[in-house]
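See structure below.
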Amino acid sequence: MFQDDVIPQEEPEVSGEAPRESALPKDAAAPEGSAQPQSAAGADSLSGAAAPPENGSPPEDESAFRAALREELDDLIERIRKTNPEYAPPPFSPRALLDLLRRNLANFPPDFQLDILERLRESLNADIFDLDTWKGIWYMLNYTLEYQTDILKRRMTGEYETDEWGLDQEFLDAVRPFLEFLYYKYWRVEVSGLENVPEEGRALLVSNHSGQLPMDGAMIGLAIYNEHPAHRLVRTLYADWFPTLPFVSMTLEKLGQAMANEENGIRLLEADELVAVFPEGYKGVGKLFKERYRLARFGRGGFVRMALKTQAPIIPISVVGAEETYISLYKSTTLAKLTGFPYFPISPTFPWLGVLGLVPLPTKWYIDFGEPIPVDGYSPDAANNLVLVSQLTDQTRNIVQEMIYKRLAQRRSVFFG
Amino acid sequence: MPRKKKPKTVLVTGVSSQWGQWLAAKLSAQPGLRLIGIDTAPPPETIEGLDFVQADIRNPLLAEFLELEAVDTVCHLDFIERYRRSEPVFEHNVIGTMKLLGACAQAGVRKVVFKSSTRVYGASPRNPAFLTEARPIRGARRYGYNRDLVEIESFFNGFQRQHPDMVLTILRFPNIVGPRANTPFTRFLSDPKAPVLLGFDPMMQVIHEEDVVRALLHAVRGDYPGAYNVAAEGILPLLKIMGIAGKIPIPLVHLLPYWAVNLGTPLSRHLPIEPDYLRYRWVADLQRMKEIMEFTPEYTAEEALREFAGERRARRYMPEKSPLAYDEERLRDTIERRRRMRAASKRRAPQGA
């Protein structure tokens with residue numbers, strides 16, 4: 001019991017500090033070997049540091065526990081040193097450490113502050129932490145602080161990295177908590193068949209499209225980014241209406257997504273990326289409620305041509321639950337023309353309640369990844385074979401439709417699954 | 001003295017413009033080249049080895065002159081970059097180019113090199129992420145310099161079909177930055193009020209001014225028919241570019257600049273870049289530059305921008321160059337030139353005697 005009291009006192013100091021501004025990933029889901037910014041990776045390990053002792057049950061042998069803790073701290077320091085070799089903390093002194101703690105304490109509510117200090121006092125009496133442990137805490141606190149004061153300055157002076165498509169890892173880490181809230185808490189997404197998504201190499205994900213707002217793309221992306229063992233980033237191809245919208249265009253670009261056309265798709269697949277497409281397009285996403293789960297036409301087969309040209313396997317995906325997030329009763333062509341929207345849904349709440357009408361319903365979602373449809377039996381020239389292309393398009397569409405029906409047959413409630 | 005090989009004659013139009021001067025200075029250092037420069041006004045600084053001819057490219061006698069000098073290559077840099085659409089400038093840029101190309105064909109000029117911009121593809125939401133040279137020319141036509149470039153490029157297309165044996169090289173550059181260059185983008189980044197469109201942060205390419213001159217030189221020396229995108233390594237978001245340049249972006253609701261530009265209000269003075277180009281992606285694919293032209297810019301995008309920003313920061317602390325300083329430089333040039341001429345005439349005189 002005693003150790004349980006002691007351990008959390010450092011936890012809020014370190015990881016509780018971080019997520020506010022830097023929006024650290026909750027579960028250290030950084031893709032292995034990906035080009036994550038150095039400091040983000042460093043801070044990442046900080047939150048990981050606090051987690052293990054917190055979850056662990058109190059060990060019987062105190063000295064063994066101490067050794068384990070020390071080892072963990074050493075390991076962390078080593079990792080921070082590795083990600084940012086130039087970083088050297090100011091020299092350690094107990095007074096400076098207490099100062100540092102005091103400065104940071106102001107960030108917590110008063111009762112919590114008192115709690116922390118009391119625990120700290122207790123832990124000093126108990127002599128559980130030796131000097132090395134304190135040094136470790138000192139090192140990490142300083143690092144977090146430096147990282148945070150640094151991040152704003154770096155954003156202002158343009159010292160951050162993006163890839164050629166615009167992917168900005170720091171931006172991705174900043175918006176992920178919101179998407180994770182939708183994913184885990186709001187729609188409680190359940191995923192199956194992730195093993196069908198390759199750990200490396202190209203693949204074309206083909207999904208049904210629904211839900212008025214294209215949130216299904218974000219959820220598929222998050223499912224693979226968070227739950228897939230390789231934590232891969234999905235490049236979703238989006239419709240050409242989105243780049244004309246302020247903030248939307250910026251967000252999509254900074255998340256590394258690309259405009260839907262064959263040139264972009266082929267280029268991404270040739271770079272061995274995971275590409276997701278929604279061949280139904282606007283016809284799918286803007287479906288009326290009464291047409292839900294009936295797949296619209298699968299475009300002109302552009303996705304099949306992309307897959308054939310790059311020899312990328314097609315992975316069918318069905319998303320169930322997104323259709324019921326909005327109840328679109330009617331599509332107004334007049335309003336669509338006036339606003340420049342590709343479609344203008346009229347629902348029981350939208351546009352009557354304004355922005356409030358945009359709040360989606362908390363349905364239960366299922367995302368199922370089907371078995372890959374191999375295309376390596378065909379030559380890349382087969383992309384010019386119209387018969388084959390339309391055949392494969394229909395085949396993919398039928399598979400997705402079957403997957404949807406199968407899931408719907410199992411589902412008992414729209415909201416509870 | 002018997003000459004083994006007749007030197008190739010290169011004619012640079014717009015030799016008094018910034019690009020003309022810099023390219024001429026590089027070309028004059030090349031062995032086996034004869035350099036002629038043509039412009040309506042003499043270059044502000046004398047260029048060693050340049051045979052300057054004061055003439056307008058629209059002059060009907062130009063063909064005769066090209067034939068007399070047996071010009072092999074024309075590097076066409078006579079282009080007025082003005083954002084306001086104006087008829088005299090259009091006449092100079094577009095009609096001038098048409099007449100020049102006509103004269104080149106008549107005089108049997110073998111090769112024409114033209115400096116264009118990747119702006120000719122246009123910035124549009126439908127653009128693929130990487131624009132290849134095969135992309136049709138659909139540039140915006142709101143600003144004068146964009147419209148004129150699009151017109152010229154379409155004319156080049158038709159002209160190539162009529163004269164398939166001529167080598168026409170078009171180099172398309174993105175935003176040009178550099179310590180000395182005066183381009184729409186350097187004006188944009190130098191303006192204390194640098195407007196951006198709220199909620200848009202397109203990826204952009206840049207190139208250093210020296211790499212522009214090096215690319216032109218590369219195209220004059222070798223034969224590379226067709227169009228080539230030439231840009232520095234690295235594609236950066238606009239806000240990052242402004243961060244590097246030390247500019248605080250002023251976000252405007254995106255409709256505002258469009259109205260301002262369409263109405264010709266003073267805001268357009270602070271907007272040397274057309275709003276479309278601050279809104280959508282217009283990134284060019286560099287495969288042809290790397291593989292066919294085998295040209296590698298020396299500066300990466302970030303290096304070019306950091307040098308530009310450093311120069312701008314330093315310039316704030318420098319005293320303004322006084323007219324007297326210019327005067328002194330000019331007189332020094334004159335003295336040197338006259339000295340050389342005297343020396344040359346003295347050398348000739350004893351031979352004649």
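Letters A, B, ... mark the chains of the structure tokens in the order given; residue numbers begin at 1 per chain; ligand numbers begin at 1, in order shown.
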Residues of chain A within 6 Å of chain B, counting only C-alpha atoms - could you list those as number ranges by chain? A: 156-158, 164, 240, 243, 246-247, 250, 264
From stretch 55-293 of chain B, collect each residue whose DSSP state is strand (DSSP E or B) and return the set as a PyMOL selection string. chain B and resi 73-76+111-117+131+167-173+175-177+194-197+203-204+206-208+226-229+236-237+249-252+284
Go ahead and dump the residues you just picked, N, CA and C atoms, as a tab-separated table (two decimals), in the first residue's frame.
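Result written to selection26.tsv:
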chain	number	residue	atom	x	y	z
B	73	THR	N	21.73	30.91	-80.48
B	73	THR	CA	20.81	30.71	-79.36
B	73	THR	C	20.30	32.06	-78.88
B	74	VAL	N	18.99	32.12	-78.64
B	74	VAL	CA	18.41	33.32	-78.05
B	74	VAL	C	17.90	32.95	-76.67
B	75	CYS	N	18.33	33.71	-75.67
B	75	CYS	CA	17.79	33.50	-74.32
B	75	CYS	C	16.87	34.67	-74.03
B	76	HIS	N	15.58	34.38	-73.97
B	76	HIS	CA	14.58	35.43	-73.92
B	76	HIS	C	14.23	35.75	-72.46
B	111	LYS	N	18.04	27.78	-81.42
B	111	LYS	CA	17.50	27.47	-80.09
B	111	LYS	C	17.00	28.72	-79.38
B	112	VAL	N	15.89	28.59	-78.67
B	112	VAL	CA	15.36	29.69	-77.86
B	112	VAL	C	15.12	29.15	-76.45
B	113	VAL	N	15.64	29.90	-75.48
B	113	VAL	CA	15.41	29.53	-74.07
B	113	VAL	C	14.54	30.61	-73.45
B	114	PHE	N	13.50	30.18	-72.74
B	114	PHE	CA	12.59	31.15	-72.13
B	114	PHE	C	12.42	30.85	-70.66
B	115	LYS	N	12.45	31.90	-69.84
B	115	LYS	CA	12.25	31.74	-68.40
B	115	LYS	C	10.79	31.97	-68.09
B	116	SER	N	10.15	30.91	-67.59
B	116	SER	CA	8.73	30.99	-67.26
B	116	SER	C	8.55	30.63	-65.78
B	117	SER	N	7.34	30.33	-65.41
B	117	SER	CA	7.08	30.04	-64.00
B	117	SER	C	6.12	28.87	-63.87
B	131	LEU	N	2.67	18.51	-60.09
B	131	LEU	CA	2.31	18.86	-61.46
B	131	LEU	C	3.46	18.51	-62.40
B	167	VAL	N	14.89	24.14	-81.34
B	167	VAL	CA	14.94	23.71	-79.93
B	167	VAL	C	14.34	24.82	-79.08
B	168	LEU	N	13.18	24.56	-78.53
B	168	LEU	CA	12.55	25.53	-77.64
B	168	LEU	C	12.60	24.99	-76.22
B	169	THR	N	13.29	25.70	-75.36
B	169	THR	CA	13.40	25.27	-73.96
B	169	THR	C	12.65	26.26	-73.09
B	170	ILE	N	11.74	25.74	-72.29
B	170	ILE	CA	11.04	26.59	-71.33
B	170	ILE	C	11.39	26.09	-69.94
B	171	LEU	N	11.94	26.97	-69.13
B	171	LEU	CA	12.23	26.61	-67.75
B	171	LEU	C	11.18	27.25	-66.86
B	172	ARG	N	10.49	26.41	-66.10
B	172	ARG	CA	9.44	26.92	-65.22
B	172	ARG	C	9.93	26.91	-63.79
B	173	PHE	N	10.03	28.10	-63.23
B	173	PHE	CA	10.53	28.25	-61.86
B	173	PHE	C	9.38	28.55	-60.91
B	175	ASN	N	8.41	30.16	-56.93
B	175	ASN	CA	8.76	31.44	-56.30
B	175	ASN	C	10.26	31.58	-56.21
B	176	ILE	N	10.77	32.72	-56.67
B	176	ILE	CA	12.22	32.94	-56.63
B	176	ILE	C	12.55	33.81	-55.44
B	177	VAL	N	13.52	33.36	-54.64
B	177	VAL	CA	13.99	34.20	-53.53
B	177	VAL	C	15.50	34.35	-53.65
B	194	ALA	N	2.19	41.04	-44.48
B	194	ALA	CA	2.14	39.91	-45.39
B	194	ALA	C	0.85	39.15	-45.17
B	195	PRO	N	-0.16	39.36	-46.03
B	195	PRO	CA	-1.44	38.71	-45.79
B	195	PRO	C	-1.42	37.24	-46.22
B	196	VAL	N	-2.08	36.41	-45.44
B	196	VAL	CA	-2.32	35.03	-45.85
B	196	VAL	C	-3.82	34.81	-45.76
B	197	LEU	N	-4.28	33.71	-46.33
B	197	LEU	CA	-5.71	33.42	-46.29
B	197	LEU	C	-6.00	32.56	-45.07
B	203	MET	N	1.31	24.09	-49.53
B	203	MET	CA	2.72	23.72	-49.66
B	203	MET	C	3.28	24.47	-50.85
B	204	MET	N	4.51	24.95	-50.71
B	204	MET	CA	5.11	25.74	-51.79
B	204	MET	C	6.53	25.32	-52.06
B	206	VAL	N	10.30	26.84	-53.63
B	206	VAL	CA	11.04	28.07	-53.92
B	206	VAL	C	12.32	27.67	-54.66
B	207	ILE	N	13.00	28.68	-55.18
B	207	ILE	CA	14.31	28.45	-55.77
B	207	ILE	C	15.15	29.69	-55.54
B	208	HIS	N	16.44	29.49	-55.38
B	208	HIS	CA	17.36	30.59	-55.14
B	208	HIS	C	17.69	31.28	-56.45
B	226	GLY	N	11.79	21.31	-74.90
B	226	GLY	CA	10.60	21.08	-74.08
B	226	GLY	C	10.60	21.92	-72.82
B	227	ALA	N	9.61	21.66	-71.99
B	227	ALA	CA	9.46	22.41	-70.75
B	227	ALA	C	10.03	21.62	-69.59
B	228	TYR	N	10.58	22.34	-68.63
B	228	TYR	CA	11.14	21.70	-67.44
B	228	TYR	C	10.76	22.51	-66.22
B	229	ASN	N	10.29	21.81	-65.19
B	229	ASN	CA	10.10	22.47	-63.90
B	229	ASN	C	11.44	22.48	-63.21
B	236	LEU	N	7.69	23.33	-48.73
B	236	LEU	CA	7.41	23.84	-47.39
B	236	LEU	C	6.02	24.46	-47.33
B	237	PRO	N	5.34	24.35	-46.18
B	237	PRO	CA	4.08	25.07	-46.02
B	237	PRO	C	4.35	26.58	-45.97
B	249	PRO	N	2.31	36.43	-40.21
B	249	PRO	CA	1.23	36.40	-41.20
B	249	PRO	C	-0.01	37.12	-40.70
B	250	ILE	N	-0.66	37.86	-41.59
B	250	ILE	CA	-1.92	38.51	-41.24
B	250	ILE	C	-3.02	37.74	-41.95
B	251	PRO	N	-3.79	36.94	-41.21
B	251	PRO	CA	-4.80	36.13	-41.88
B	251	PRO	C	-6.02	36.96	-42.28
B	252	LEU	N	-6.45	36.79	-43.50
B	252	LEU	CA	-7.65	37.46	-43.99
B	252	LEU	C	-8.66	36.37	-44.36
B	284	ALA	N	5.32	21.58	-58.30
B	284	ALA	CA	5.70	20.97	-59.57
B	284	ALA	C	6.54	19.72	-59.33
Option closest in space to B:Arg147, from B:Gly122, B:Pro266, B:Pro184, B:Gly20 [counting only C-alpha atoms]: B:Gly122
Residues at most 9 Å from A:Arg407, counting only C-alpha atoms, excluding those fewer than 3 positions away in the same chain, as a PyMOL selection string? chain A and resi 318+320+366+368+402-404+410-411
In terms of the shortest atom-to-atom distance over only C-alpha atoms, which of A:Leu308, A:Tyr186, A:Gly136, A:Leu117 is closest to A:Val359? A:Tyr186
Out of stretch 117-298 of chain B, which residues get alpha helix (DSSP H) from DSSP, as a PyMOL selection string? chain B and resi 144-162+184-190+209-221+238-245+255-263+275-279+287-291
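Distance annotation: of B:Glu294, B:Asp148, B:Glu311, B:Asp56, the residue with the minimal separation from B:Asn93 is B:Asp148; atom set is only C-alpha atoms.
Close contacts of A:Glu371, defined as residues with an atom at most 8 Å away when counting only C-alpha atoms, with chain neighbours fewer than 2 positions off set aside, comprise Gly193, Asn196, Ile315, Pro316, Phe369 and Ile373 of chain A.
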Selection: 12 Å around B:Lys99, only C-alpha atoms, excl. self and same-chain fewer than 2 positions, as an NGL selection string: :B and (56-63 or 76 or 91-97 or 101-106 or 152 or 155-156 or 159)
